[in-house]
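File shown here: query-v7.cif, holding mmCIF, C-alpha atoms.
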data_model
loop_
_atom_site.label_atom_id
_atom_site.label_comp_id
_atom_site.auth_asym_id
_atom_site.auth_seq_id
_atom_site.Cartn_x
_atom_site.Cartn_y
_atom_site.Cartn_z
CA MET A 551 -10.20 -14.97 -135.08
CA ARG A 552 -12.87 -16.40 -132.75
CA THR A 553 -11.03 -15.07 -129.69
CA ARG A 554 -10.72 -11.62 -131.26
CA LYS A 555 -14.48 -11.49 -132.00
CA ALA A 556 -15.31 -12.53 -128.45
CA ALA A 557 -13.10 -9.77 -127.08
CA LEU A 558 -14.78 -7.21 -129.35
CA VAL A 559 -18.27 -8.24 -128.24
CA GLY A 560 -17.19 -8.05 -124.60
CA ALA A 561 -15.82 -4.54 -125.09
CA LEU A 562 -19.05 -3.38 -126.75
CA CYS A 563 -21.14 -4.78 -123.93
CA ALA A 564 -19.01 -3.04 -121.32
CA GLY A 565 -19.15 0.28 -123.17
CA LEU A 566 -22.94 0.20 -123.52
CA SER A 567 -23.75 -1.18 -120.08
CA VAL A 568 -24.95 2.20 -118.79
CA ALA A 569 -27.50 2.66 -121.56
CA LEU A 570 -28.52 -0.96 -122.17
CA THR A 571 -29.80 -3.72 -119.94
CA GLY A 572 -26.79 -5.87 -120.81
CA CYS A 573 -25.81 -8.27 -123.58
CA GLY A 574 -27.70 -11.49 -123.15
CA GLY A 575 -28.09 -10.94 -119.42
CA GLY A 576 -31.63 -9.50 -119.30
CA GLY A 577 -32.79 -7.27 -116.42
CA THR A 578 -33.49 -3.50 -116.29
CA THR A 579 -31.60 -0.45 -115.08
CA ASP A 580 -32.84 1.47 -112.05
CA PRO A 581 -33.80 5.05 -113.14
CA ASP A 582 -33.55 6.19 -109.51
CA ALA A 583 -30.04 4.89 -108.92
CA GLY A 584 -27.72 7.74 -107.96
CA THR A 585 -30.62 10.21 -107.48
CA ASN A 586 -32.06 11.89 -104.38
CA GLY A 587 -34.51 9.00 -104.06
CA VAL A 588 -37.80 10.90 -104.31
CA GLY A 589 -38.69 8.95 -107.47
CA ARG A 590 -39.32 5.92 -105.27
CA LEU A 591 -41.83 7.70 -103.01
CA ASP A 592 -45.58 7.77 -103.20
CA PRO A 593 -46.81 10.59 -105.48
CA ALA A 594 -48.36 12.55 -102.59
CA LYS A 595 -45.03 12.50 -100.76
CA ILE A 596 -43.20 13.63 -103.89
CA GLN A 597 -45.55 16.61 -104.20
CA ASP A 598 -45.13 17.41 -100.49
CA LYS A 599 -41.34 17.34 -100.76
CA ALA A 600 -41.44 19.59 -103.82
CA ARG A 601 -43.67 22.08 -102.01
CA SER A 602 -41.45 22.06 -98.92
CA ALA A 603 -38.33 22.58 -101.04
CA ALA A 604 -40.01 25.49 -102.84
CA ARG A 605 -41.02 27.17 -99.57
CA GLU A 606 -37.57 26.80 -98.05
CA ALA A 607 -35.71 28.12 -101.10
CA SER A 608 -34.50 31.70 -100.85
CA SER A 609 -35.31 32.54 -104.48
CA VAL A 610 -36.56 31.24 -107.82
CA HIS A 611 -36.94 32.28 -111.47
CA LEU A 612 -40.44 31.57 -112.79
CA SER A 613 -41.28 31.82 -116.49
CA GLY A 614 -44.04 30.61 -118.77
CA SER A 615 -47.73 31.15 -119.34
CA VAL A 616 -50.91 31.21 -117.27
CA VAL A 617 -54.41 31.06 -118.79
CA SER A 618 -57.04 32.90 -116.77
CA GLN A 619 -60.52 34.12 -117.71
CA GLY A 620 -59.92 33.28 -121.36
CA ARG A 621 -56.68 35.24 -121.64
CA THR A 622 -53.11 33.99 -121.78
CA TYR A 623 -50.59 35.83 -119.63
CA LYS A 624 -46.85 35.37 -120.00
CA LEU A 625 -44.87 35.63 -116.79
CA ASP A 626 -41.17 36.17 -116.31
CA MET A 627 -40.58 36.78 -112.62
CA ARG A 628 -37.64 36.52 -110.23
CA LEU A 629 -38.88 36.02 -106.69
CA LYS A 630 -37.36 35.96 -103.24
CA ARG A 631 -38.65 36.15 -99.68
CA ASP A 632 -38.67 39.94 -99.43
CA GLY A 633 -39.88 40.82 -102.91
CA GLY A 634 -39.61 40.19 -106.60
CA THR A 635 -39.24 41.71 -110.03
CA GLY A 636 -40.28 40.85 -113.55
CA ARG A 637 -42.80 41.22 -116.34
CA VAL A 638 -46.39 40.19 -117.01
CA ALA A 639 -47.61 40.34 -120.62
CA SER A 640 -50.77 39.54 -122.55
CA ASP A 641 -52.13 40.39 -125.98
CA ALA A 642 -53.76 43.45 -124.39
CA SER A 643 -50.99 44.88 -122.24
CA THR A 644 -47.55 44.47 -120.74
CA PHE A 645 -46.32 45.77 -117.41
CA GLU A 646 -43.36 45.35 -115.09
CA LEU A 647 -43.49 44.88 -111.35
CA LEU A 648 -40.88 45.54 -108.68
CA ARG A 649 -41.44 44.92 -104.99
CA VAL A 650 -38.89 45.61 -102.29
CA GLY A 651 -40.36 44.69 -98.92
CA ASP A 652 -43.76 46.39 -98.77
CA GLU A 653 -42.90 48.94 -101.46
CA LEU A 654 -44.49 47.95 -104.75
CA PHE A 655 -43.83 49.68 -108.08
CA LEU A 656 -45.60 49.30 -111.43
CA LYS A 657 -44.06 50.26 -114.76
CA ALA A 658 -46.21 50.19 -117.88
CA PRO A 659 -46.59 51.78 -121.35
CA ALA A 660 -48.98 54.68 -121.93
CA ALA A 661 -51.65 52.36 -123.37
CA PHE A 662 -51.88 50.61 -120.00
CA TRP A 663 -52.84 53.86 -118.26
CA SER A 664 -55.28 55.13 -120.92
CA ARG A 665 -58.79 55.15 -119.52
CA GLY A 666 -60.42 54.66 -122.91
CA ASP A 667 -63.62 56.40 -121.81
CA LYS A 668 -66.17 56.05 -124.62
CA ASP A 669 -67.56 59.51 -123.86
CA ASP A 670 -64.13 61.16 -123.97
CA LYS A 671 -63.25 61.79 -127.62
CA GLY A 672 -59.86 63.16 -126.62
CA ALA A 673 -58.98 59.96 -124.76
CA LYS A 674 -60.07 57.90 -127.74
CA ASP A 675 -58.01 59.78 -130.31
CA GLY A 676 -55.00 60.16 -128.04
CA LYS A 677 -55.20 63.97 -127.80
CA GLY A 678 -57.07 64.54 -124.53
CA ASP A 679 -55.85 65.20 -121.01
CA GLY A 680 -56.15 61.49 -120.17
CA ALA A 681 -53.84 60.53 -123.01
CA ALA A 682 -51.38 63.25 -122.02
CA ALA A 683 -51.33 62.05 -118.42
CA ALA A 684 -50.85 58.47 -119.55
CA GLY A 685 -47.94 59.54 -121.72
CA LYS A 686 -46.22 61.09 -118.72
CA LEU A 687 -46.46 57.81 -116.83
CA GLU A 688 -44.80 55.80 -119.56
CA LYS A 689 -41.36 54.49 -118.54
CA LYS A 690 -42.01 55.64 -114.96
CA TYR A 691 -42.26 53.46 -111.87
CA VAL A 692 -45.62 54.24 -110.28
CA LYS A 693 -45.68 53.43 -106.59
CA VAL A 694 -48.73 51.36 -105.65
CA PRO A 695 -50.00 52.40 -102.20
CA THR A 696 -50.75 49.57 -99.78
CA GLY A 697 -54.31 50.88 -99.40
CA ASP A 698 -55.05 50.81 -103.13
CA PRO A 699 -57.51 48.06 -104.17
CA ALA A 700 -55.00 46.85 -106.77
CA TYR A 701 -52.14 46.46 -104.29
CA GLN A 702 -52.83 42.88 -103.19
CA GLN A 703 -53.53 41.75 -106.75
CA PHE A 704 -50.28 43.17 -108.09
CA LYS A 705 -48.38 42.04 -105.02
CA GLY A 706 -49.52 38.45 -105.63
CA PHE A 707 -47.28 38.28 -108.70
CA THR A 708 -44.25 39.18 -106.58
CA ASP A 709 -44.99 37.02 -103.54
CA LYS A 710 -42.96 33.84 -103.84
CA ASP A 711 -44.91 31.66 -101.41
CA VAL A 712 -48.37 32.82 -102.49
CA LEU A 713 -47.63 32.40 -106.18
CA LEU A 714 -45.92 29.02 -105.88
CA ASP A 715 -48.49 27.54 -103.49
CA GLY A 716 -51.19 28.34 -106.00
CA LEU A 717 -49.29 27.01 -109.01
CA ILE A 718 -47.72 23.83 -107.66
CA GLY A 719 -50.92 22.23 -106.35
CA LEU A 720 -52.38 19.40 -108.45
CA HIS A 721 -56.04 18.38 -108.62
CA GLY A 722 -57.57 14.92 -108.37
CA LYS A 723 -56.02 11.58 -107.52
CA LEU A 724 -52.23 11.63 -107.79
CA ASP A 725 -50.13 9.06 -109.59
CA ARG A 726 -46.43 8.75 -110.27
CA GLY A 727 -45.62 9.34 -113.92
CA GLU A 728 -42.60 8.77 -116.08
CA HIS A 729 -39.01 9.74 -115.52
CA GLY A 730 -37.82 12.55 -117.75
CA THR A 731 -35.58 15.61 -117.92
CA VAL A 732 -36.09 19.37 -117.62
CA ALA A 733 -33.23 21.56 -118.82
CA GLY A 734 -30.96 18.52 -118.64
CA VAL A 735 -31.90 17.65 -115.05
CA PRO A 736 -33.48 14.20 -114.47
CA THR A 737 -37.00 14.39 -113.05
CA ILE A 738 -39.91 12.33 -111.84
CA ARG A 739 -43.39 13.40 -112.89
CA VAL A 740 -46.47 13.49 -110.69
CA ASN A 741 -49.87 13.59 -112.42
CA GLY A 742 -53.16 14.83 -111.04
CA ALA A 743 -56.24 12.98 -112.30
CA GLY A 744 -54.19 11.22 -114.95
CA GLY A 745 -52.75 14.52 -116.18
CA SER A 746 -56.00 16.48 -116.58
CA GLY A 747 -55.49 17.81 -113.04
CA GLY A 748 -52.03 19.10 -113.89
CA THR A 749 -48.53 17.63 -113.86
CA LEU A 750 -45.45 18.41 -111.83
CA ASP A 751 -41.85 17.55 -112.76
CA VAL A 752 -39.64 17.25 -109.68
CA SER A 753 -35.84 17.21 -109.69
CA LEU A 754 -34.16 13.89 -108.95
CA MET A 755 -30.82 15.59 -108.29
CA ASP A 756 -29.94 17.14 -104.94
CA THR A 757 -32.91 19.11 -103.52
CA PRO A 758 -36.25 17.94 -105.00
CA TYR A 759 -37.26 21.30 -106.43
CA PRO A 760 -40.25 21.54 -108.78
CA LEU A 761 -38.85 22.30 -112.24
CA ARG A 762 -41.94 22.35 -114.46
CA VAL A 763 -45.65 22.77 -113.83
CA ARG A 764 -48.39 22.05 -116.35
CA ARG A 765 -51.56 23.52 -114.92
CA ALA A 766 -54.86 21.68 -114.79
CA GLY A 767 -57.20 22.02 -117.75
CA GLY A 768 -54.49 23.31 -120.09
CA ALA A 769 -54.25 26.56 -118.10
CA GLY A 770 -50.60 27.13 -118.89
CA GLN A 771 -47.10 25.81 -118.28
CA LEU A 772 -44.34 27.26 -116.15
CA GLU A 773 -40.63 26.55 -115.79
CA LEU A 774 -38.97 27.00 -112.39
CA SER A 775 -35.21 27.51 -112.29
CA ASP A 776 -32.34 29.26 -110.50
CA TRP A 777 -33.51 27.94 -107.14
CA GLY A 778 -31.56 29.63 -104.35
CA LYS A 779 -29.71 31.93 -106.76
CA ASP A 780 -29.62 35.42 -105.23
CA PHE A 781 -30.31 38.64 -107.15
CA ALA A 782 -30.43 42.32 -106.25
CA LEU A 783 -33.67 44.07 -105.29
CA THR A 784 -33.44 47.85 -104.98
CA PRO A 785 -36.09 50.60 -105.26
CA PRO A 786 -36.03 52.55 -108.54
CA PRO A 787 -34.31 55.97 -108.68
CA LYS A 788 -36.47 58.80 -107.34
CA GLN A 789 -36.33 60.68 -110.64
CA ASP A 790 -37.97 57.66 -112.32
CA THR A 791 -40.68 57.23 -109.66
CA VAL A 792 -44.18 58.69 -109.42
CA ASP A 793 -46.02 58.58 -106.10
CA TYR A 794 -49.75 59.44 -106.18
CA GLY A 795 -50.23 58.90 -102.48
CA LYS A 796 -53.25 56.83 -101.51
CA ARG A 797 -54.37 55.58 -104.93
CA ILE A 798 -52.85 55.04 -108.38
CA PRO A 799 -54.69 56.26 -111.51
CA ALA A 800 -57.40 53.98 -112.85
CA ALA A 801 -56.03 51.88 -115.69
CA GLY A 802 -57.73 51.03 -118.92
CA GLU A 803 -59.10 47.65 -119.91
CA GLY A 804 -55.62 46.54 -120.95
CA ALA A 805 -54.60 46.59 -117.29
CA SER A 806 -57.06 43.90 -116.23
CA LEU A 807 -55.29 41.08 -114.41
CA PRO A 808 -55.82 37.42 -113.82
CA ALA A 809 -55.97 36.00 -110.34
CA PRO A 810 -52.23 35.51 -109.58
CA ALA A 811 -52.45 32.04 -108.11
CA LYS A 812 -55.41 29.70 -108.52
#
How would this structure read if it were set down as structure tokens?
Amino acid sequence: MRTRKAALVGALCAGLSVALTGCGGGGTTDPDAGTNGVGRLDPAKIQDKARSAAREASSVHLSGSVVSQGRTYKLDMRLKRDGGTGRVASDASTFELLRVGDELFLKAPAAFWSRGDKDDKGAKDGKGDGAAAAGKLEKKYVKVPTGDPAYQQFKGFTDKDVLLDGLIGLHGKLDRGEHGTVAGVPTIRVNGAGGSGGTLDVSLMDTPYPLRVRRAGGAGQLELSDWGKDFALTPPPKQDTVDYGKRIPAAGEGASLPAPAK
């Protein structure tokens, strides 16, 4: 009986050895064993490696929220080196962006294009020429000319390097945080100013991609996935496109945008 109990205890210890520190043996497991090793680096080097990996990647899927100027914007963007596509939404408006090379297209509901002029009763009640024009733009891709003042601001949401450089940076003194997981992938966390300057979760498997960003001051959280996964980028059909030439129509208050990467 004693021999049988000893054998049972030995089997239990062997089966749980991955999760436990051992039966009666003491010691701790190494959370970085079998990983890419970045968890052992100084926090500044972890951040640098994550930034380098992000720049070198051919594409990424970015989703989550950004708080800017008192408003919360939800982003769902797929980005690559030569463009991007996706949606930006807030409580005031929602619009879609598509950029292929230097060609940038904006798709938005009629409310986005309504000028909302206080002196224009027709615009206010939805019966004026402004409302009619806005209705014609709904479900259309409006080409944003490169010379339009809004071009660079809209383009910022589709520029992989510009957007990621602005979002990944942490503020304050860096420290290495806890090990964790994001979407099932083991990570190491880097904190800025103890967390108040933002946090960055970096993959411990294969390439050290950034997988989650919590922005400083509670200014939103973003998930980064599908690194290096290609997707198609093609201009919209001509019958669905409107080209105003040098300048797009002025949008209403609902079209106001946050700075894309700060």
List the residues selected by the PyMOL selection byres ((chain A and resi 635) around 6) in the file shown, writing them as a JSON list (two decimals) with C-alpha atoms, in the coordinates of the input.
[["chain", "number", "residue", "atom", "x", "y", "z"],
["A", 627, "MET", "CA", -40.58, 36.78, -112.62],
["A", 628, "ARG", "CA", -37.64, 36.52, -110.23],
["A", 634, "GLY", "CA", -39.61, 40.19, -106.60],
["A", 636, "GLY", "CA", -40.28, 40.85, -113.55],
["A", 647, "LEU", "CA", -43.49, 44.88, -111.35],
["A", 648, "LEU", "CA", -40.88, 45.54, -108.68]]
Check: When the PyMOL selection byres ((chain A and resi 776-779) around 7) is applied to the file above, which residues end up in the set, as a PyMOL selection string?
Finding: chain A and resi 607-611+775+780-781
Keeping only C-alpha atoms, take the residues you just selected and write them out as an mmCIF file, keeping the file's coordinate frame.
data_model
loop_
_atom_site.group_PDB
_atom_site.id
_atom_site.type_symbol
_atom_site.label_atom_id
_atom_site.label_comp_id
_atom_site.auth_asym_id
_atom_site.auth_seq_id
_atom_site.Cartn_x
_atom_site.Cartn_y
_atom_site.Cartn_z
ATOM 1 C CA ALA A 607 -35.710 28.120 -101.100
ATOM 2 C CA SER A 608 -34.500 31.700 -100.850
ATOM 3 C CA SER A 609 -35.310 32.540 -104.480
ATOM 4 C CA VAL A 610 -36.560 31.240 -107.820
ATOM 5 C CA HIS A 611 -36.940 32.280 -111.470
ATOM 6 C CA SER A 775 -35.210 27.510 -112.290
ATOM 7 C CA ASP A 780 -29.620 35.420 -105.230
ATOM 8 C CA PHE A 781 -30.310 38.640 -107.150
#
Using only C-alpha atoms, which protein or nucleic acid residues come within 9 Å of A:Leu772? Drop anything in the same chain fewer than 5 positions from it, and give the result as a PDB file with C-alpha atoms, keeping the file's coordinate frame.
ATOM      1  CA  LEU A 612     -40.440  31.570-112.790  1.00  0.00           C
ATOM      2  CA  SER A 613     -41.280  31.820-116.490  1.00  0.00           C
ATOM      3  CA  GLY A 614     -44.040  30.610-118.770  1.00  0.00           C
ATOM      4  CA  SER A 615     -47.730  31.150-119.340  1.00  0.00           C
ATOM      5  CA  VAL A 616     -50.910  31.210-117.270  1.00  0.00           C
ATOM      6  CA  LEU A 625     -44.870  35.630-116.790  1.00  0.00           C
ATOM      7  CA  LEU A 717     -49.290  27.010-109.010  1.00  0.00           C
ATOM      8  CA  LEU A 761     -38.850  22.300-112.240  1.00  0.00           C
ATOM      9  CA  ARG A 762     -41.940  22.350-114.460  1.00  0.00           C
ATOM     10  CA  VAL A 763     -45.650  22.770-113.830  1.00  0.00           C
ATOM     11  CA  ARG A 764     -48.390  22.050-116.350  1.00  0.00           C
ATOM     12  CA  ARG A 765     -51.560  23.520-114.920  1.00  0.00           C
TER      13      ARG A 765
END
Next item on the list: Would you list the contacts of A:Ile718 as a PyMOL selection string, taking every protein, DNA or RNA residue within 9 Å and counting all atoms listed in the file, but skipping same-chain residues closer than 2 positions in sequence?
Entry: chain A and resi 597+600-601+713-716+720+748-750+760+763-765
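Atom to atom, atom CA of A:Asp641 and atom CA of A:Thr622 stand 7.7 Å apart.
Taking only C-alpha atoms, the non-local environment of A:Tyr759 within 7 Å (same-chain residues fewer than 2 positions away omitted) comprises Ala600, Ala603, Ala604, Val752, Ser753, Thr757 and Leu761 of chain A.
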Margin query: Take the PyMOL selection byres ((chain A and resi 588-591) around 9), run it mentally on this structure, and tell me the resulting residues as a PyMOL selection string.
Written below: chain A and resi 581-582+585-587+592-596+599+726+729+737-739+752-754+758
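Atom to atom, atom CA of A:Ser640 and atom CA of A:Tyr623 stand 4.7 Å apart.
Here atom CA of A:Ala684 is placed at a distance of 5.7 Å from atom CA of A:Ser664.
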Item checked: Shortest interatomic distance to A:Ile798 - which of A:Leu654, A:Val692, A:Val617, A:Ala661, counting all atoms listed in the file -> A:Val692
